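Comments concern the structure below.
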Amino acid sequence: QKEVEQNSGPLSVPEGAIASLNCTYSDRGSQSFFWYRQYSGKSPELIMFIYSNGDKEDGRFTAQLNKASQYVSLLIRDSQPSDSATYLCAGPGSSYKLIFGSGTRLLVRP
Amino acid sequence: DVKVTQSSRYLVKRTGEKVFLECVQDMDHENMFWYRQDPGLGLRLIYFSYDVKMKEKGDIPEGYSVSREKKERFSLILESASTNQTSMYLCASTPGQGAFPPQHFGDGTRLSIL
């Protein structure tokens with residue numbers, strides 16, 4: 001069974017620092033990964049997706065996929081208190097279903 | 001932008017009631033999903049639909065059924081609500097073509113069963 005695993009955290013970083021969130025996956029053939037941000041009591045919001053090995057940058061966010069080591073990372077540069085949320089990593093299951101990790105809670109200290 | 005609309009943000013029902021949760025998407029997506037999310041248990045897939053009138057059980061279908069009579073609408077039905085179905089329910093949709101597309105979520109329905 002395909003699995004996606006994340007450290008639950010919390011990961012605490014000071015404002016302005018780089019936050020690094022990691023995710024490992026079990027299926028060597030997977031190459032489509034998604035990062036969602038979820039504020040407390042709200043629904044998940046898609047913030048990044050990556051379909052190939054390497055880095056993808058969008059503003060302060062960089063997604064990294066390392067297929068050889070089977071991990072996916074999300075880097076948040078210049079972290080802000082408003083980035084404090086739970087970040088969900090998701091990878092492909094069967095038939096367009098996603099396999100979600102349990103999420104990592106990020107706290108950005110002012 | 002994809003818009004996925006869930007009919008209620010908060011809902012309170014009684015044990016034994018039949019409960020309907022509605023979800024509508026405006027992007028002509030083929031695939032629609034119902035999840036529930038509970039603290040410590042993450043997102044769990046209840047049911048998935050890949051076309052009108054087509055459905056597939058997810059990881060936790062017991063106690064639930066679904067209906068997809070029109071492409072844009074996917075309904076989750078709690079046949080006889082129980083207290084252990086108190087949860088946050090999330091609907092999502094995604095197109096049925098191309099490289100594995102991301103899912104887009106509605107705002108969620110926080111359901112309490114008393």
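Chain lettering (A, B, ...) mirrors the order of the structure tokens, residue numbering begins at 1 for each chain separately, and ligand numbering begins at 1 in order of display.
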
Inset, instruction - Report as a PyMOL selection string the set of chain B residues whose atoms approach chain A to within 9 Å, with distances computed over only C-alpha atoms. - result: chain B and resi 31+33+40-45+48+50+88+90+94-96+99-108+110

Legend entry - Residue among B:Phe74, B:Tyr35, B:Phe20, B:Tyr64 lying closest to Ser87 (chain B), counting only C-alpha atoms: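 Looking only at the distances to Ser87 (chain B), the closest residue turns out to be B:Tyr35.
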
Legend entry - Atomic separation - CA of Glu3 (chain A) relative to CA of Arg105 (chain A), Å: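 Straight-line distance from CA of Arg105 (chain A) to CA of Glu3 (chain A) works out to 19.1 Å.
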
Inset, instruction - Within 8 Å of Leu111 (chain B), counting only C-alpha atoms, which residues show up once you throw out same-chain ones fewer than 4 positions away? Write them as a PyMOL selection string, please. - result: chain B and resi 10-13+85-89

Legend entry - Residues near Ile46 (chain B), cut-off 9 Å, only C-alpha atoms, skip fewer than 5 positions along chain, as a ChimeraX atom specification: /B:33-36,57-62,64-65

For the selection you just gave me, I'd like the residues written to a file as a PDB file, in the first residue's frame, keeping N, CA and C atoms.
```pdb
ATOM      1  N   PHE B  33     -14.676  13.907  -4.724  1.00  0.00           N
ATOM      2  CA  PHE B  33     -14.272  13.112  -3.563  1.00  0.00           C
ATOM      3  C   PHE B  33     -14.971  13.633  -2.311  1.00  0.00           C
ATOM      4  N   TRP B  34     -15.234  12.721  -1.389  1.00  0.00           N
ATOM      5  CA  TRP B  34     -15.637  13.092  -0.036  1.00  0.00           C
ATOM      6  C   TRP B  34     -14.638  12.512   0.961  1.00  0.00           C
ATOM      7  N   TYR B  35     -14.157  13.406   1.852  1.00  0.00           N
ATOM      8  CA  TYR B  35     -13.246  13.022   2.915  1.00  0.00           C
ATOM      9  C   TYR B  35     -13.871  13.412   4.255  1.00  0.00           C
ATOM     10  N   ARG B  36     -13.373  12.761   5.302  1.00  0.00           N
ATOM     11  CA  ARG B  36     -13.574  13.301   6.639  1.00  0.00           C
ATOM     12  C   ARG B  36     -12.206  13.482   7.279  1.00  0.00           C
ATOM     13  N   LYS B  57     -15.838   3.053  -3.525  1.00  0.00           N
ATOM     14  CA  LYS B  57     -15.633   3.177  -2.088  1.00  0.00           C
ATOM     15  C   LYS B  57     -14.208   3.621  -1.796  1.00  0.00           C
ATOM     16  N   GLY B  58     -14.093   4.442  -0.772  1.00  0.00           N
ATOM     17  CA  GLY B  58     -12.789   4.836  -0.286  1.00  0.00           C
ATOM     18  C   GLY B  58     -12.366   3.948   0.865  1.00  0.00           C
ATOM     19  N   ASP B  59     -11.675   4.548   1.817  1.00  0.00           N
ATOM     20  CA  ASP B  59     -11.124   3.774   2.928  1.00  0.00           C
ATOM     21  C   ASP B  59     -12.140   3.516   4.042  1.00  0.00           C
ATOM     22  N   ILE B  60     -13.115   4.401   4.178  1.00  0.00           N
ATOM     23  CA  ILE B  60     -14.058   4.300   5.301  1.00  0.00           C
ATOM     24  C   ILE B  60     -15.491   4.526   4.834  1.00  0.00           C
ATOM     25  N   PRO B  61     -16.048   3.691   3.964  1.00  0.00           N
ATOM     26  CA  PRO B  61     -17.386   3.934   3.424  1.00  0.00           C
ATOM     27  C   PRO B  61     -18.543   3.523   4.331  1.00  0.00           C
ATOM     28  N   GLU B  62     -18.247   2.779   5.404  1.00  0.00           N
ATOM     29  CA  GLU B  62     -19.326   2.222   6.227  1.00  0.00           C
ATOM     30  C   GLU B  62     -20.147   3.342   6.861  1.00  0.00           C
ATOM     31  N   TYR B  64     -22.052   5.375   5.196  1.00  0.00           N
ATOM     32  CA  TYR B  64     -22.231   6.465   4.239  1.00  0.00           C
ATOM     33  C   TYR B  64     -22.676   5.921   2.885  1.00  0.00           C
ATOM     34  N   SER B  65     -23.357   6.753   2.122  1.00  0.00           N
ATOM     35  CA  SER B  65     -23.593   6.478   0.719  1.00  0.00           C
ATOM     36  C   SER B  65     -23.433   7.796  -0.031  1.00  0.00           C
TER      37      SER B  65
END
```

Name the residues of chain A that fall into strand (DSSP E) according to DSSP on the backbone, using the chain letters and numbers of this document, as a CSV table (one decimal) with N, CA and C atoms, in the first residue's frame.
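What ended up in part-v1.csv:
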```
chain,number,residue,atom,x,y,z
A,4,VAL,N,2.5,8.0,2.4
A,4,VAL,CA,3.2,9.3,2.5
A,4,VAL,C,3.3,9.6,3.9
A,5,GLU,N,4.5,9.9,4.4
A,5,GLU,CA,4.7,10.2,5.8
A,5,GLU,C,5.4,11.5,6.0
A,6,GLN,N,4.9,12.2,7.1
A,6,GLN,CA,5.4,13.5,7.5
A,6,GLN,C,5.6,13.4,9.0
A,11,LEU,N,7.0,22.3,14.0
A,11,LEU,CA,8.3,22.9,13.6
A,11,LEU,C,8.2,24.3,13.9
A,12,SER,N,9.1,24.8,14.8
A,12,SER,CA,9.1,26.2,15.2
A,12,SER,C,10.3,26.9,14.6
A,13,VAL,N,10.0,28.0,13.9
A,13,VAL,CA,11.1,28.8,13.3
A,13,VAL,C,10.8,30.3,13.7
A,14,PRO,N,11.9,31.1,13.7
A,14,PRO,CA,11.7,32.5,14.0
A,14,PRO,C,11.2,33.2,12.7
A,19,ALA,N,11.8,27.9,6.6
A,19,ALA,CA,11.1,26.7,7.2
A,19,ALA,C,11.3,25.6,6.2
A,20,SER,N,11.7,24.5,6.6
A,20,SER,CA,11.9,23.3,5.8
A,20,SER,C,11.0,22.2,6.2
A,21,LEU,N,10.1,21.8,5.4
A,21,LEU,CA,9.1,20.8,5.7
A,21,LEU,C,9.4,19.6,4.8
A,22,ASN,N,9.4,18.4,5.4
A,22,ASN,CA,9.7,17.2,4.6
A,22,ASN,C,8.7,16.1,4.6
A,23,CYS,N,8.8,15.3,3.6
A,23,CYS,CA,7.8,14.2,3.4
A,23,CYS,C,8.5,13.1,2.7
A,24,THR,N,8.2,11.8,3.1
A,24,THR,CA,8.8,10.7,2.4
A,24,THR,C,7.6,9.8,1.9
A,25,TYR,N,7.9,9.1,0.8
A,25,TYR,CA,6.9,8.3,0.2
A,25,TYR,C,7.4,6.9,-0.1
A,33,PHE,N,3.5,15.4,-6.8
A,33,PHE,CA,3.3,15.6,-5.4
A,33,PHE,C,2.8,17.0,-5.2
A,34,PHE,N,2.0,17.1,-4.1
A,34,PHE,CA,1.3,18.4,-3.8
A,34,PHE,C,1.5,18.8,-2.4
A,35,TRP,N,1.6,20.1,-2.2
A,35,TRP,CA,1.6,20.6,-0.8
A,35,TRP,C,0.4,21.5,-0.6
A,36,TYR,N,-0.3,21.2,0.5
A,36,TYR,CA,-1.5,22.0,0.9
A,36,TYR,C,-1.2,22.6,2.2
A,37,ARG,N,-1.7,23.8,2.4
A,37,ARG,CA,-1.7,24.6,3.7
A,37,ARG,C,-3.1,24.5,4.3
A,38,GLN,N,-3.1,24.2,5.5
A,38,GLN,CA,-4.4,24.2,6.2
A,38,GLN,C,-4.3,25.0,7.5
A,45,GLU,N,-5.7,24.1,1.4
A,45,GLU,CA,-5.5,25.0,0.2
A,45,GLU,C,-4.2,24.6,-0.5
A,46,LEU,N,-4.3,24.4,-1.8
A,46,LEU,CA,-3.2,24.0,-2.6
A,46,LEU,C,-2.2,25.1,-2.7
A,47,ILE,N,-0.9,24.9,-2.4
A,47,ILE,CA,0.1,26.0,-2.5
A,47,ILE,C,1.2,25.6,-3.5
A,48,MET,N,1.5,24.4,-3.7
A,48,MET,CA,2.5,24.0,-4.6
A,48,MET,C,2.3,22.6,-5.2
A,49,PHE,N,2.7,22.4,-6.4
A,49,PHE,CA,2.7,21.0,-6.9
A,49,PHE,C,4.0,20.8,-7.7
A,50,ILE,N,4.4,19.6,-7.8
A,50,ILE,CA,5.7,19.3,-8.5
A,50,ILE,C,5.5,18.0,-9.2
A,54,GLY,N,13.6,17.5,-9.0
A,54,GLY,CA,14.3,18.8,-9.0
A,54,GLY,C,13.5,19.8,-8.2
A,55,ASP,N,13.7,21.0,-8.5
A,55,ASP,CA,13.1,22.1,-7.7
A,55,ASP,C,12.1,22.9,-8.5
A,56,LYS,N,11.1,23.4,-7.8
A,56,LYS,CA,10.1,24.3,-8.4
A,56,LYS,C,9.9,25.5,-7.5
A,57,GLU,N,10.0,26.7,-8.0
A,57,GLU,CA,9.9,27.8,-7.1
A,57,GLU,C,8.7,28.6,-7.5
A,58,ASP,N,8.0,29.2,-6.5
A,58,ASP,CA,6.9,30.1,-6.7
A,58,ASP,C,6.9,31.1,-5.5
A,61,PHE,N,8.0,30.2,-1.9
A,61,PHE,CA,7.9,28.7,-1.7
A,61,PHE,C,8.8,28.0,-2.8
A,62,THR,N,9.5,27.0,-2.3
A,62,THR,CA,10.2,26.1,-3.3
A,62,THR,C,9.8,24.6,-2.9
A,63,ALA,N,9.3,23.9,-3.9
A,63,ALA,CA,9.1,22.5,-3.7
A,63,ALA,C,10.3,21.7,-4.3
A,64,GLN,N,10.7,20.7,-3.6
A,64,GLN,CA,11.8,19.9,-4.1
A,64,GLN,C,11.4,18.4,-4.1
A,65,LEU,N,11.7,17.7,-5.2
A,65,LEU,CA,11.4,16.3,-5.3
A,65,LEU,C,12.7,15.6,-5.6
A,66,ASN,N,13.0,14.6,-4.7
A,66,ASN,CA,14.2,13.8,-4.9
A,66,ASN,C,13.7,12.3,-5.0
A,71,TYR,N,11.9,11.5,-1.3
A,71,TYR,CA,11.4,12.5,-0.4
A,71,TYR,C,11.0,13.8,-1.2
A,72,VAL,N,10.1,14.5,-0.6
A,72,VAL,CA,9.6,15.7,-1.1
A,72,VAL,C,9.8,16.8,0.0
A,73,SER,N,10.2,18.0,-0.4
A,73,SER,CA,10.4,19.0,0.6
A,73,SER,C,9.6,20.3,0.2
A,74,LEU,N,9.3,21.1,1.1
A,74,LEU,CA,8.7,22.4,0.9
A,74,LEU,C,9.6,23.4,1.7
A,75,LEU,N,10.2,24.3,1.0
A,75,LEU,CA,10.9,25.4,1.7
A,75,LEU,C,10.1,26.7,1.7
A,76,ILE,N,10.0,27.3,2.8
A,76,ILE,CA,9.4,28.6,2.9
A,76,ILE,C,10.4,29.6,3.3
A,85,ALA,N,0.6,27.2,10.2
A,85,ALA,CA,-0.5,26.4,9.7
A,85,ALA,C,0.0,24.9,9.7
A,86,THR,N,-0.9,24.0,9.4
A,86,THR,CA,-0.5,22.7,9.1
A,86,THR,C,-0.3,22.5,7.6
A,87,TYR,N,0.8,21.8,7.3
A,87,TYR,CA,1.2,21.6,5.8
A,87,TYR,C,1.0,20.1,5.5
A,88,LEU,N,0.2,19.9,4.6
A,88,LEU,CA,-0.1,18.5,4.1
A,88,LEU,C,0.6,18.2,2.8
A,89,CYS,N,1.4,17.1,2.8
A,89,CYS,CA,2.0,16.6,1.6
A,89,CYS,C,1.1,15.5,1.1
A,90,ALA,N,0.9,15.4,-0.3
A,90,ALA,CA,0.1,14.4,-0.9
A,90,ALA,C,0.8,13.9,-2.1
A,91,GLY,N,0.6,12.6,-2.3
A,91,GLY,CA,1.2,11.9,-3.5
A,91,GLY,C,0.1,11.1,-4.2
A,92,PRO,N,0.4,10.6,-5.4
A,92,PRO,CA,-0.6,9.9,-6.2
A,92,PRO,C,-1.0,8.5,-5.7
A,98,LEU,N,-5.6,10.8,-4.1
A,98,LEU,CA,-4.4,11.3,-3.5
A,98,LEU,C,-4.2,10.5,-2.2
A,99,ILE,N,-2.9,10.3,-1.9
A,99,ILE,CA,-2.5,9.8,-0.6
A,99,ILE,C,-2.0,10.9,0.2
A,100,PHE,N,-2.6,11.3,1.4
A,100,PHE,CA,-2.2,12.4,2.2
A,100,PHE,C,-1.3,12.0,3.3
A,104,THR,N,2.3,18.4,8.9
A,104,THR,CA,3.3,19.0,9.8
A,104,THR,C,2.8,20.4,10.2
A,105,ARG,N,2.8,20.6,11.6
A,105,ARG,CA,2.4,21.9,12.1
A,105,ARG,C,3.6,22.8,12.1
A,106,LEU,N,3.5,24.0,11.5
A,106,LEU,CA,4.5,25.0,11.5
A,106,LEU,C,4.1,26.1,12.3
A,107,LEU,N,5.0,26.5,13.2
A,107,LEU,CA,4.8,27.7,14.0
A,107,LEU,C,5.9,28.7,13.7
A,108,VAL,N,5.5,29.9,13.3
A,108,VAL,CA,6.5,31.0,13.0
A,108,VAL,C,6.4,32.0,14.1
A,109,ARG,N,7.5,32.1,14.9
A,109,ARG,CA,7.5,33.0,16.1
A,109,ARG,C,7.9,34.4,15.7
```

Spatial neighbours of Thr83 (chain B), max dist 8 Å, only C-alpha atoms, sep filter under 4 positions, as an mmCIF file with N, CA and C atoms, in the first residue's frame:
```
data_model
loop_
_atom_site.group_PDB
_atom_site.id
_atom_site.type_symbol
_atom_site.label_atom_id
_atom_site.label_comp_id
_atom_site.auth_asym_id
_atom_site.auth_seq_id
_atom_site.Cartn_x
_atom_site.Cartn_y
_atom_site.Cartn_z
ATOM 1 N N THR B 15 -28.860 11.910 16.438
ATOM 2 C CA THR B 15 -28.612 10.484 16.203
ATOM 3 C C THR B 15 -29.812 9.859 15.517
ATOM 4 N N SER B 112 -21.903 18.057 13.539
ATOM 5 C CA SER B 112 -22.015 17.534 14.903
ATOM 6 C C SER B 112 -23.271 16.682 14.998
ATOM 7 N N ILE B 113 -23.111 15.476 15.519
ATOM 8 C CA ILE B 113 -24.246 14.574 15.722
ATOM 9 C C ILE B 113 -24.470 14.443 17.228
ATOM 10 N N LEU B 114 -25.645 14.845 17.662
ATOM 11 C CA LEU B 114 -25.935 14.836 19.110
ATOM 12 C C LEU B 114 -26.764 13.627 19.508
#
```

Inset, instruction - Can you work out which one of B:Met54, B:Met27, B:Val4, B:Val19 has the shortest atom-to-atom distance to Ser67 (chain B), counting only C-alpha atoms? - result: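 Closest to Ser67 (chain B) of all the choices is B:Met54.
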
Inset, instruction - Skip Ser7 (chain B) itself and residues of its chain fewer than 6 positions away, then list as a ChimeraX atom specification all residues within 8 Å of it, counting only C-alpha atoms. - result: /B:21-23,109

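With only C-alpha atoms as the basis for measurement, B:Arg73 is the residue among B:Lys53, B:Arg68, B:Arg73, B:Arg9 that approaches Gln25 (chain B) most closely.
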